[in-house]
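entry_36.cif (mmCIF, C-alpha atoms and all ligand atoms; chains and numbers go by the auth columns) appears below.
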```
data_target
loop_
_atom_site.group_PDB
_atom_site.id
_atom_site.type_symbol
_atom_site.label_atom_id
_atom_site.label_comp_id
_atom_site.label_asym_id
_atom_site.label_seq_id
_atom_site.Cartn_x
_atom_site.Cartn_y
_atom_site.Cartn_z
_atom_site.B_iso_or_equiv
_atom_site.auth_seq_id
_atom_site.auth_asym_id
ATOM 1 C CA MET A 1 -52.738 27.132 6.822 0.00 1 A
ATOM 2 C CA ALA A 2 -49.808 28.619 8.681 0.00 2 A
ATOM 3 C CA THR A 3 -49.410 25.681 11.060 0.00 3 A
ATOM 4 C CA ASP A 4 -49.840 23.228 8.247 0.00 4 A
ATOM 5 C CA SER A 5 -47.305 24.719 5.918 0.00 5 A
ATOM 6 C CA SER A 6 -44.716 25.350 8.631 0.00 6 A
ATOM 7 C CA SER A 7 -44.954 21.799 9.919 0.00 7 A
ATOM 8 C CA ARG A 8 -44.813 20.506 6.367 0.00 8 A
ATOM 9 C CA GLY A 9 -41.830 22.755 5.883 0.00 9 A
ATOM 10 C CA ALA A 10 -40.163 21.377 8.994 0.00 10 A
ATOM 11 C CA ARG A 11 -40.781 17.780 7.956 0.00 11 A
ATOM 12 C CA ALA A 12 -39.533 18.502 4.465 0.00 12 A
ATOM 13 C CA THR A 13 -36.410 20.213 5.716 0.00 13 A
ATOM 14 C CA ALA A 14 -35.182 17.686 8.227 0.00 14 A
ATOM 15 C CA PRO A 15 -34.954 14.648 5.926 0.00 15 A
ATOM 16 C CA ARG A 16 -33.683 16.795 3.072 0.00 16 A
ATOM 17 C CA HIS A 17 -30.889 17.929 5.352 0.00 17 A
ATOM 18 C CA LYS A 18 -29.913 14.375 6.121 0.00 18 A
ATOM 19 C CA ASP A 19 -30.309 13.528 2.436 0.00 19 A
ATOM 20 C CA THR A 20 -27.861 16.216 1.442 0.00 20 A
ATOM 21 C CA GLY A 21 -25.234 14.819 3.766 0.00 21 A
ATOM 22 C CA LEU A 22 -25.612 11.330 2.376 0.00 22 A
ATOM 23 C CA LYS A 23 -25.619 12.644 -1.171 0.00 23 A
ATOM 24 C CA GLN A 24 -22.454 14.582 -0.503 0.00 24 A
ATOM 25 C CA GLU A 25 -20.816 11.529 1.018 0.00 25 A
ATOM 26 C CA ARG A 26 -21.789 9.479 -2.016 0.00 26 A
ATOM 27 C CA ALA A 27 -20.550 12.224 -4.355 0.00 27 A
ATOM 28 C CA VAL A 28 -17.194 12.320 -2.574 0.00 28 A
ATOM 29 C CA ARG A 29 -16.955 8.535 -2.815 0.00 29 A
ATOM 30 C CA THR A 30 -17.876 8.544 -6.513 0.00 30 A
ATOM 31 C CA ARG A 31 -15.333 11.287 -7.215 0.00 31 A
ATOM 32 C CA GLY A 32 -12.678 9.161 -5.507 0.00 32 A
ATOM 33 C CA GLN A 33 -13.656 6.072 -7.517 0.00 33 A
ATOM 34 C CA VAL A 34 -13.481 8.077 -10.740 0.00 34 A
ATOM 35 C CA LEU A 35 -10.082 9.488 -9.776 0.00 35 A
ATOM 36 C CA ASP A 36 -8.721 6.013 -8.961 0.00 36 A
ATOM 37 C CA ALA A 37 -10.084 4.686 -12.258 0.00 37 A
ATOM 38 C CA ALA A 38 -8.519 7.580 -14.167 0.00 38 A
ATOM 39 C CA ALA A 39 -5.192 6.883 -12.454 0.00 39 A
ATOM 40 C CA GLU A 40 -5.402 3.209 -13.432 0.00 40 A
ATOM 41 C CA ALA A 41 -6.248 4.128 -17.030 0.00 41 A
ATOM 42 C CA PHE A 42 -3.531 6.796 -17.367 0.00 42 A
ATOM 43 C CA ALA A 43 -0.926 4.549 -15.719 0.00 43 A
ATOM 44 C CA THR A 44 -1.589 1.606 -18.021 0.00 44 A
ATOM 45 C CA LYS A 45 -2.571 3.230 -21.353 0.00 45 A
ATOM 46 C CA GLY A 46 -1.162 6.751 -21.197 0.00 46 A
ATOM 47 C CA PHE A 47 -3.102 9.999 -21.596 0.00 47 A
ATOM 48 C CA PRO A 48 -3.544 9.995 -25.400 0.00 48 A
ATOM 49 C CA ALA A 49 -5.116 6.529 -25.517 0.00 49 A
ATOM 50 C CA VAL A 50 -7.541 6.975 -22.608 0.00 50 A
ATOM 51 C CA THR A 51 -11.156 8.037 -23.162 0.00 51 A
ATOM 52 C CA VAL A 52 -13.648 9.351 -20.612 0.00 52 A
ATOM 53 C CA LEU A 53 -15.726 6.247 -21.381 0.00 53 A
ATOM 54 C CA ASP A 54 -12.743 4.042 -20.382 0.00 54 A
ATOM 55 C CA VAL A 55 -12.622 5.846 -17.060 0.00 55 A
ATOM 56 C CA ALA A 56 -16.391 5.568 -16.524 0.00 56 A
ATOM 57 C CA GLU A 57 -16.353 1.851 -17.271 0.00 57 A
ATOM 58 C CA LEU A 58 -13.353 1.232 -15.006 0.00 58 A
ATOM 59 C CA ALA A 59 -15.050 3.178 -12.213 0.00 59 A
ATOM 60 C CA GLY A 60 -18.381 1.409 -12.777 0.00 60 A
ATOM 61 C CA VAL A 61 -20.269 4.676 -13.273 0.00 61 A
ATOM 62 C CA THR A 62 -21.892 6.443 -16.217 0.00 62 A
ATOM 63 C CA LYS A 63 -20.061 8.926 -18.409 0.00 63 A
ATOM 64 C CA GLY A 64 -22.469 11.525 -17.033 0.00 64 A
ATOM 65 C CA ALA A 65 -21.253 10.786 -13.509 0.00 65 A
ATOM 66 C CA VAL A 66 -17.653 11.351 -14.614 0.00 66 A
ATOM 67 C CA TYR A 67 -18.612 14.666 -16.247 0.00 67 A
ATOM 68 C CA PHE A 68 -20.482 15.700 -13.096 0.00 68 A
ATOM 69 C CA HIS A 69 -17.119 15.734 -11.286 0.00 69 A
ATOM 70 C CA PHE A 70 -14.633 16.528 -14.089 0.00 70 A
ATOM 71 C CA ALA A 71 -15.096 18.792 -17.115 0.00 71 A
ATOM 72 C CA ASN A 72 -13.040 16.602 -19.461 0.00 72 A
ATOM 73 C CA LYS A 73 -10.083 14.208 -19.751 0.00 73 A
ATOM 74 C CA GLU A 74 -7.654 17.077 -19.139 0.00 74 A
ATOM 75 C CA ALA A 75 -9.331 17.855 -15.817 0.00 75 A
ATOM 76 C CA LEU A 76 -8.991 14.183 -14.859 0.00 76 A
ATOM 77 C CA ALA A 77 -5.262 14.296 -15.678 0.00 77 A
ATOM 78 C CA GLN A 78 -4.878 17.511 -13.725 0.00 78 A
ATOM 79 C CA ALA A 79 -6.574 16.019 -10.653 0.00 79 A
ATOM 80 C CA VAL A 80 -4.503 12.819 -10.823 0.00 80 A
ATOM 81 C CA ALA A 81 -1.275 14.830 -11.164 0.00 81 A
ATOM 82 C CA GLU A 82 -2.218 16.974 -8.171 0.00 82 A
ATOM 83 C CA GLU A 83 -3.004 13.871 -6.122 0.00 83 A
ATOM 84 C CA PHE A 84 0.409 12.462 -7.173 0.00 84 A
ATOM 85 C CA TYR A 85 2.200 15.460 -5.640 0.00 85 A
ATOM 86 C CA HIS A 86 -0.032 15.325 -2.599 0.00 86 A
ATOM 87 C CA LEU A 87 1.109 11.730 -2.003 0.00 87 A
ATOM 88 C CA LEU A 88 4.776 12.670 -2.508 0.00 88 A
ATOM 89 C CA GLU A 89 4.280 15.516 -0.030 0.00 89 A
ATOM 90 C CA VAL A 90 2.844 13.093 2.537 0.00 90 A
ATOM 91 C CA ILE A 91 5.919 10.861 2.150 0.00 91 A
ATOM 92 C CA LYS A 92 8.229 13.857 2.593 0.00 92 A
ATOM 93 C CA GLN A 93 6.347 15.081 5.672 0.00 93 A
ATOM 94 C CA ASP A 94 6.583 11.601 7.155 0.00 94 A
ATOM 95 C CA VAL A 95 10.337 11.436 6.555 0.00 95 A
ATOM 96 C CA GLN A 96 10.768 14.925 8.005 0.00 96 A
ATOM 97 C CA ASP A 97 8.869 13.894 11.139 0.00 97 A
ATOM 98 C CA SER A 98 11.046 10.799 11.639 0.00 98 A
ATOM 99 C CA ALA A 99 14.054 12.772 12.994 0.00 99 A
ATOM 100 C CA LEU A 100 16.654 11.011 10.833 0.00 100 A
ATOM 101 C CA SER A 101 20.041 12.555 10.089 0.00 101 A
ATOM 102 C CA PRO A 102 19.896 14.627 6.883 0.00 102 A
ATOM 103 C CA LEU A 103 21.599 11.981 4.706 0.00 103 A
ATOM 104 C CA ASP A 104 19.438 9.200 6.154 0.00 104 A
ATOM 105 C CA ALA A 105 16.407 11.359 5.438 0.00 105 A
ATOM 106 C CA VAL A 106 17.514 11.689 1.803 0.00 106 A
ATOM 107 C CA ARG A 107 17.949 7.910 1.539 0.00 107 A
ATOM 108 C CA GLU A 108 14.628 7.216 3.265 0.00 108 A
ATOM 109 C CA LEU A 109 12.762 9.706 1.048 0.00 109 A
ATOM 110 C CA LEU A 110 14.058 8.201 -2.180 0.00 110 A
ATOM 111 C CA VAL A 111 13.577 4.559 -1.151 0.00 111 A
ATOM 112 C CA ARG A 112 10.013 5.290 -0.072 0.00 112 A
ATOM 113 C CA THR A 113 9.390 7.272 -3.250 0.00 113 A
ATOM 114 C CA ALA A 114 10.697 4.322 -5.274 0.00 114 A
ATOM 115 C CA LEU A 115 8.276 1.972 -3.499 0.00 115 A
ATOM 116 C CA ALA A 116 5.425 4.361 -4.290 0.00 116 A
ATOM 117 C CA PHE A 117 6.499 4.458 -7.950 0.00 117 A
ATOM 118 C CA ARG A 118 6.311 0.660 -7.969 0.00 118 A
ATOM 119 C CA ASP A 119 3.170 0.103 -5.882 0.00 119 A
ATOM 120 C CA ASP A 120 0.892 3.148 -6.008 0.00 120 A
ATOM 121 C CA THR A 121 -1.399 3.597 -8.996 0.00 121 A
ATOM 122 C CA VAL A 122 -1.809 7.358 -8.555 0.00 122 A
ATOM 123 C CA VAL A 123 1.977 7.763 -8.362 0.00 123 A
ATOM 124 C CA ARG A 124 2.584 5.593 -11.439 0.00 124 A
ATOM 125 C CA ALA A 125 -0.087 7.578 -13.284 0.00 125 A
ATOM 126 C CA GLY A 126 1.347 10.911 -12.159 0.00 126 A
ATOM 127 C CA ALA A 127 4.837 9.992 -13.327 0.00 127 A
ATOM 128 C CA ARG A 128 3.514 8.888 -16.715 0.00 128 A
ATOM 129 C CA LEU A 129 1.383 12.025 -17.102 0.00 129 A
ATOM 130 C CA GLN A 130 4.458 14.160 -16.428 0.00 130 A
ATOM 131 C CA ILE A 131 6.295 12.428 -19.274 0.00 131 A
ATOM 132 C CA GLU A 132 3.279 13.106 -21.483 0.00 132 A
ATOM 133 C CA ARG A 133 2.784 16.684 -20.232 0.00 133 A
ATOM 134 C CA SER A 134 3.365 18.311 -23.628 0.00 134 A
ATOM 135 C CA LEU A 135 0.420 16.289 -24.971 0.00 135 A
ATOM 136 C CA ILE A 136 -1.941 17.379 -22.194 0.00 136 A
ATOM 137 C CA GLY A 137 -3.818 20.652 -22.480 0.00 137 A
ATOM 138 C CA ALA A 138 -3.837 21.353 -18.761 0.00 138 A
ATOM 139 C CA ASP A 139 -1.668 23.194 -16.280 0.00 139 A
ATOM 140 C CA LEU A 140 0.059 20.239 -14.650 0.00 140 A
ATOM 141 C CA PRO A 141 2.224 20.991 -11.604 0.00 141 A
ATOM 142 C CA MET A 142 5.872 21.618 -12.530 0.00 142 A
ATOM 143 C CA PRO A 143 7.804 18.371 -11.965 0.00 143 A
ATOM 144 C CA TYR A 144 11.154 17.795 -10.172 0.00 144 A
ATOM 145 C CA LEU A 145 11.350 21.186 -8.433 0.00 145 A
ATOM 146 C CA GLY A 146 9.825 20.073 -5.125 0.00 146 A
ATOM 147 C CA TYR A 147 12.245 17.171 -4.701 0.00 147 A
ATOM 148 C CA THR A 148 15.183 19.310 -5.767 0.00 148 A
ATOM 149 C CA GLU A 149 14.304 21.859 -3.078 0.00 149 A
ATOM 150 C CA SER A 150 13.840 19.266 -0.323 0.00 150 A
ATOM 151 C CA LEU A 151 17.086 17.486 -1.196 0.00 151 A
ATOM 152 C CA THR A 152 18.979 20.776 -1.434 0.00 152 A
ATOM 153 C CA SER A 153 17.946 21.678 2.091 0.00 153 A
ATOM 154 C CA TRP A 154 18.895 18.236 3.456 0.00 154 A
ATOM 155 C CA PHE A 155 22.321 18.431 1.748 0.00 155 A
ATOM 156 C CA GLN A 156 22.779 21.931 3.196 0.00 156 A
ATOM 157 C CA GLN A 157 22.100 20.528 6.660 0.00 157 A
ATOM 158 C CA ALA A 158 24.460 17.622 6.009 0.00 158 A
ATOM 159 C CA ARG A 159 27.166 20.109 5.062 0.00 159 A
ATOM 160 C CA ASP A 160 26.520 22.258 8.129 0.00 160 A
ATOM 161 C CA GLU A 161 26.831 19.128 10.294 0.00 161 A
ATOM 162 C CA GLY A 162 30.031 18.008 8.544 0.00 162 A
ATOM 163 C CA GLU A 163 28.420 14.879 7.012 0.00 163 A
ATOM 164 C CA VAL A 164 29.491 15.930 3.508 0.00 164 A
ATOM 165 C CA PRO A 165 32.559 17.941 2.435 0.00 165 A
ATOM 166 C CA ALA A 166 32.413 21.676 3.215 0.00 166 A
ATOM 167 C CA ASP A 167 33.126 22.522 -0.437 0.00 167 A
ATOM 168 C CA SER A 168 30.264 20.395 -1.824 0.00 168 A
ATOM 169 C CA ASP A 169 27.389 22.247 -3.491 0.00 169 A
ATOM 170 C CA PRO A 170 24.019 21.161 -2.022 0.00 170 A
ATOM 171 C CA GLY A 171 22.027 22.415 -5.005 0.00 171 A
ATOM 172 C CA VAL A 172 24.223 20.587 -7.507 0.00 172 A
ATOM 173 C CA THR A 173 24.136 17.360 -5.477 0.00 173 A
ATOM 174 C CA ALA A 174 20.338 17.627 -5.284 0.00 174 A
ATOM 175 C CA ARG A 175 20.020 18.154 -9.041 0.00 175 A
ATOM 176 C CA VAL A 176 22.302 15.233 -9.840 0.00 176 A
ATOM 177 C CA LEU A 177 20.372 12.989 -7.455 0.00 177 A
ATOM 178 C CA VAL A 178 16.961 13.992 -8.833 0.00 178 A
ATOM 179 C CA SER A 179 18.256 13.383 -12.370 0.00 179 A
ATOM 180 C CA ALA A 180 19.643 9.980 -11.408 0.00 180 A
ATOM 181 C CA PHE A 181 16.433 9.048 -9.573 0.00 181 A
ATOM 182 C CA PHE A 182 14.325 10.103 -12.522 0.00 182 A
ATOM 183 C CA GLY A 183 16.501 8.146 -14.947 0.00 183 A
ATOM 184 C CA ALA A 184 16.704 5.032 -12.782 0.00 184 A
ATOM 185 C CA GLN A 185 12.949 4.827 -12.183 0.00 185 A
ATOM 186 C CA HIS A 186 12.247 5.426 -15.859 0.00 186 A
ATOM 187 C CA ILE A 187 14.694 2.758 -17.008 0.00 187 A
ATOM 188 C CA SER A 188 13.321 0.327 -14.421 0.00 188 A
ATOM 189 C CA TRP A 189 9.810 0.983 -15.764 0.00 189 A
ATOM 190 C CA VAL A 190 10.766 0.473 -19.413 0.00 190 A
ATOM 191 C CA LEU A 191 12.978 -2.599 -18.893 0.00 191 A
ATOM 192 C CA ASN A 192 11.320 -4.356 -15.945 0.00 192 A
ATOM 193 C CA ASP A 193 7.932 -2.753 -15.234 0.00 193 A
ATOM 194 C CA ARG A 194 9.607 -1.333 -12.092 0.00 194 A
ATOM 195 C CA ALA A 195 10.251 -4.767 -10.527 0.00 195 A
ATOM 196 C CA ASP A 196 13.901 -3.774 -9.874 0.00 196 A
ATOM 197 C CA ILE A 197 13.282 -0.117 -8.975 0.00 197 A
ATOM 198 C CA THR A 198 14.477 -0.385 -5.353 0.00 198 A
ATOM 199 C CA ASP A 199 17.744 -2.091 -6.417 0.00 199 A
ATOM 200 C CA ARG A 200 18.369 0.661 -8.949 0.00 200 A
ATOM 201 C CA ILE A 201 17.588 3.408 -6.450 0.00 201 A
ATOM 202 C CA GLU A 202 19.868 1.771 -3.854 0.00 202 A
ATOM 203 C CA GLU A 203 22.645 1.816 -6.486 0.00 203 A
ATOM 204 C CA VAL A 204 22.043 5.498 -7.135 0.00 204 A
ATOM 205 C CA LEU A 205 22.113 6.245 -3.403 0.00 205 A
ATOM 206 C CA ARG A 206 25.314 4.244 -2.805 0.00 206 A
ATOM 207 C CA THR A 207 26.968 6.160 -5.626 0.00 207 A
ATOM 208 C CA VAL A 208 25.734 9.687 -4.954 0.00 208 A
ATOM 209 C CA VAL A 209 25.080 9.897 -1.193 0.00 209 A
ATOM 210 C CA PRO A 210 28.221 9.233 0.918 0.00 210 A
ATOM 211 C CA ARG A 211 28.117 6.865 3.898 0.00 211 A
ATOM 212 C CA ALA A 212 29.673 8.185 7.082 0.00 212 A
ATOM 213 C CA GLY A 213 32.899 6.459 8.175 0.00 213 A
HETATM 214 C C1 LIG B . 10.297 12.584 -9.474 0.00 301 B
HETATM 215 C C2 LIG B . 8.982 12.534 -11.261 0.00 301 B
HETATM 216 C C3 LIG B . 9.802 11.369 -11.313 0.00 301 B
HETATM 217 C C4 LIG B . 11.476 13.228 -8.880 0.00 301 B
HETATM 218 O O1 LIG B . 9.271 15.217 -8.816 0.00 301 B
HETATM 219 C C5 LIG B . 8.837 14.690 -9.836 0.00 301 B
HETATM 220 O O2 LIG B . 8.005 15.243 -10.544 0.00 301 B
HETATM 221 C C6 LIG B . 9.318 13.346 -10.222 0.00 301 B
HETATM 222 C C7 LIG B . 7.955 12.570 -12.264 0.00 301 B
HETATM 223 O O3 LIG B . 7.413 13.733 -12.497 0.00 301 B
HETATM 224 O O4 LIG B . 10.733 11.544 -10.355 0.00 301 B
HETATM 225 C C8 LIG B . 11.892 12.376 -7.737 0.00 301 B
HETATM 226 C C9 LIG B . 13.246 12.603 -7.296 0.00 301 B
#
```

Could you show the structure in this file as structure tokens?
Ligand code: LUB
Amino acid sequence: MATDSSSRGARATAPRHKDTGLKQERAVRTRGQVLDAAAEAFATKGFPAVTVLDVAELAGVTKGAVYFHFANKEALAQAVAEEFYHLLEVIKQDVQDSALSPLDAVRELLVRTALAFRDDTVVRAGARLQIERSLIGADLPMPYLGYTESLTSWFQQARDEGEVPADSDPGVTARVLVSAFFGAQHISWVLNDRADITDRIEEVLRTVVPRAG
């Protein structure tokens, strides 16, 4: 009857509603676990050697659960690389909000980035995926450009405020610093599994970014 079916409908709808919320929460959590596992796998083995089964096993879920969230290994790499740049963006925002002088902001950004390269699995994975980008059939974000832009604008400010010589070229300084950072973190990874990355980045900063006075 009408009453019957509408009340049944109401009862069926309410719990299902709640169910959907919980399911979504669980799905979001599972997606995060899979992403973390993929980062761990890519960081330690590199893209070519990783399988979707590796990621599933690391995450403690079925292969089907991985495929529910990601079409294939390329999509996993893409998502990890995007998360890598999201984390770098968060660091940059934080440094920007800290009201340091432009040159101190440059130093702070690169020291904090170095710590993330040493300690953060998604960041280590993202850096490795960028090195392997020609082997990955996905549209990974273009590396280096974001940092080059941020550093260029800080060096411009430093020049405007007389912290660096008026005839210095902010874009060139930024490119040299990004190149040196990239090289130093890579060498630290190969030779010392990044144990000495902050020392190497401090050396780069002492050499490339002038101290006032
Ligand atoms: C950074 C790397 C390694 C530049 O921006 C990037 O994409 C980077 C890897 O892709 O260094 C940090 C100055």

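Applied to the shown file, the PyMOL selection byres (((chain A and resi 177-187) around 8) and not hetatm) selects the residues Leu110, Ala114, Phe117, Tyr144, Tyr147, Thr148, Thr173, Ala174, Arg175, Val176, Ser188, Trp189, Val190, Leu191, Asn192, Arg194, Ile197, Arg200, Ile201, Val204 and Val208 of chain A.
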
Based on the selection just made, write C-alpha atoms of those residues as a compact mmCIF listing (two decimals), in the frame of the given file.
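The result, written out as part02.txt:
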```txt
# COMPACT_ATOMS: atom_id res chain seq x y z
CA LEU A 110 14.06 8.20 -2.18
CA ALA A 114 10.70 4.32 -5.27
CA PHE A 117 6.50 4.46 -7.95
CA TYR A 144 11.15 17.80 -10.17
CA TYR A 147 12.24 17.17 -4.70
CA THR A 148 15.18 19.31 -5.77
CA THR A 173 24.14 17.36 -5.48
CA ALA A 174 20.34 17.63 -5.28
CA ARG A 175 20.02 18.15 -9.04
CA VAL A 176 22.30 15.23 -9.84
CA SER A 188 13.32 0.33 -14.42
CA TRP A 189 9.81 0.98 -15.76
CA VAL A 190 10.77 0.47 -19.41
CA LEU A 191 12.98 -2.60 -18.89
CA ASN A 192 11.32 -4.36 -15.94
CA ARG A 194 9.61 -1.33 -12.09
CA ILE A 197 13.28 -0.12 -8.98
CA ARG A 200 18.37 0.66 -8.95
CA ILE A 201 17.59 3.41 -6.45
CA VAL A 204 22.04 5.50 -7.14
CA VAL A 208 25.73 9.69 -4.95
```

Just how far from atom CA of Gly171 of chain A is atom CA of Gln157 of chain A, in Å to one decimal?
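Between these atoms lies a distance of 11.8 Å.
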
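Coordinates place atom CA of Val95 of chain A at a distance of 28.3 Å from atom CA of Ala38 of chain A.
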
Suppose a student applies the PyMOL selection byres (((chain A and resi 47) around 12) and not hetatm) to this structure; what residues should they get, written as a PyMOL selection string?
chain A and resi 38-46+48-52+54-55+73-78+80-81+125-138

Go through A:Ala212, A:Leu53, A:Val172, A:Met142 one by one, measure the shortest atom-to-atom distance of each to ligand LIG 301 (chain B) using all atoms listed in the file, and give the residue with the smallest value.
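Looking at the shortest contact to ligand LIG 301 (chain B), the residue is A:Met142.
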
Test item: the PyMOL selection byres (((chain A and resi 88) around 12) and not hetatm) resolved as a PyMOL selection string
chain A and resi 81-87+89-95+109-110+112-117+120+122-124+126-127+143-144+146-147+150

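Comparing the minimum interatomic distances between ligand LIG 301 (chain B) and each of A:Glu149, A:Glu163, A:Asp97, A:Asp104, counting all atoms listed in the file, we find that A:Glu149 sits nearest.
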
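Put simply, atom CA of Gly60 of chain A is 28.6 Å away from atom C7 of ligand LIG 301 (chain B).
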
Exercise on ligand LIG 301 (chain B), axis-aligned box with 5 Å per side, report centre and edge lengths in Å to one decimal, as JSON:
```
{"center_x": 10.3, "center_y": 13.3, "center_z": -9.9, "size_x": 15.8, "size_y": 13.9, "size_z": 15.2}
```

In terms of all atoms listed in the file, the residue from A:Leu140, A:Ala105, A:Leu100, A:Ala27 at minimal distance from Leu205 of chain A is A:Ala105

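Closest approach to ligand LIG 301 (chain B) among A:Trp154, A:Arg26, A:Asn72, A:Pro141: A:Pro141, based on only C-alpha atoms and all ligand atoms.
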
Nearest to Thr121 of chain A, chosen from A:Leu22, A:Leu35, A:Ala59, A:Val209, with all atoms listed in the file counted in the distances:
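Selected residue with least distance to Thr121 of chain A: A:Leu35.
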
Selected residue, from A:Leu151, A:Pro210, A:Gln156, A:Asp199, that lies nearest to ligand LIG 301 (chain B) when counting only C-alpha atoms and all ligand atoms:
A:Leu151

Atoms added to segment 146-163 of chain A (N, CA, C and O atoms), reported as a CSV table (one decimal), in the frame of the given file:
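That gives us part-v6.csv:
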```csv
chain,number,residue,atom,x,y,z
A,146,GLY,N,10.1,20.3,-6.6
A,146,GLY,CA,9.8,20.1,-5.1
A,146,GLY,C,10.9,19.2,-4.5
A,146,GLY,O,11.5,19.5,-3.4
A,147,TYR,N,11.2,18.1,-5.2
A,147,TYR,CA,12.2,17.2,-4.7
A,147,TYR,C,13.6,17.9,-4.7
A,147,TYR,O,14.4,17.7,-3.8
A,148,THR,N,13.9,18.6,-5.7
A,148,THR,CA,15.2,19.3,-5.8
A,148,THR,C,15.3,20.2,-4.6
A,148,THR,O,16.4,20.3,-3.9
A,149,GLU,N,14.3,21.0,-4.2
A,149,GLU,CA,14.3,21.9,-3.1
A,149,GLU,C,14.5,21.1,-1.8
A,149,GLU,O,15.4,21.5,-0.9
A,150,SER,N,13.7,20.0,-1.6
A,150,SER,CA,13.8,19.3,-0.3
A,150,SER,C,15.2,18.7,-0.2
A,150,SER,O,15.9,18.8,0.9
A,151,LEU,N,15.8,18.1,-1.3
A,151,LEU,CA,17.1,17.5,-1.2
A,151,LEU,C,18.2,18.5,-1.0
A,151,LEU,O,19.1,18.3,-0.2
A,152,THR,N,18.0,19.7,-1.6
A,152,THR,CA,19.0,20.8,-1.4
A,152,THR,C,19.1,21.1,0.0
A,152,THR,O,20.2,21.3,0.6
A,153,SER,N,17.9,21.2,0.7
A,153,SER,CA,17.9,21.7,2.1
A,153,SER,C,18.5,20.6,3.0
A,153,SER,O,19.2,20.9,4.0
A,154,TRP,N,18.3,19.3,2.7
A,154,TRP,CA,18.9,18.2,3.5
A,154,TRP,C,20.4,18.2,3.2
A,154,TRP,O,21.2,18.0,4.2
A,155,PHE,N,20.9,18.4,2.0
A,155,PHE,CA,22.3,18.4,1.7
A,155,PHE,C,23.0,19.6,2.4
A,155,PHE,O,24.2,19.6,2.8
A,156,GLN,N,22.3,20.8,2.5
A,156,GLN,CA,22.8,21.9,3.2
A,156,GLN,C,23.0,21.6,4.7
A,156,GLN,O,24.1,21.9,5.2
A,157,GLN,N,22.0,20.9,5.3
A,157,GLN,CA,22.1,20.5,6.7
A,157,GLN,C,23.3,19.6,6.8
A,157,GLN,O,24.0,19.7,7.8
A,158,ALA,N,23.4,18.6,5.9
A,158,ALA,CA,24.5,17.6,6.0
A,158,ALA,C,25.8,18.3,6.0
A,158,ALA,O,26.8,18.0,6.7
A,159,ARG,N,25.9,19.4,5.2
A,159,ARG,CA,27.2,20.1,5.1
A,159,ARG,C,27.4,20.9,6.4
A,159,ARG,O,28.5,20.9,6.9
A,160,ASP,N,26.4,21.5,6.9
A,160,ASP,CA,26.5,22.3,8.1
A,160,ASP,C,27.0,21.3,9.3
A,160,ASP,O,27.7,21.8,10.2
A,161,GLU,N,26.5,20.1,9.2
A,161,GLU,CA,26.8,19.1,10.3
A,161,GLU,C,28.1,18.3,10.0
A,161,GLU,O,28.4,17.4,10.7
A,162,GLY,N,28.8,18.7,8.9
A,162,GLY,CA,30.0,18.0,8.5
A,162,GLY,C,29.9,16.6,8.0
A,162,GLY,O,30.8,15.8,7.9
A,163,GLU,N,28.7,16.2,7.6
A,163,GLU,CA,28.4,14.9,7.0
A,163,GLU,C,28.9,14.8,5.6
A,163,GLU,O,29.0,13.7,5.0
```
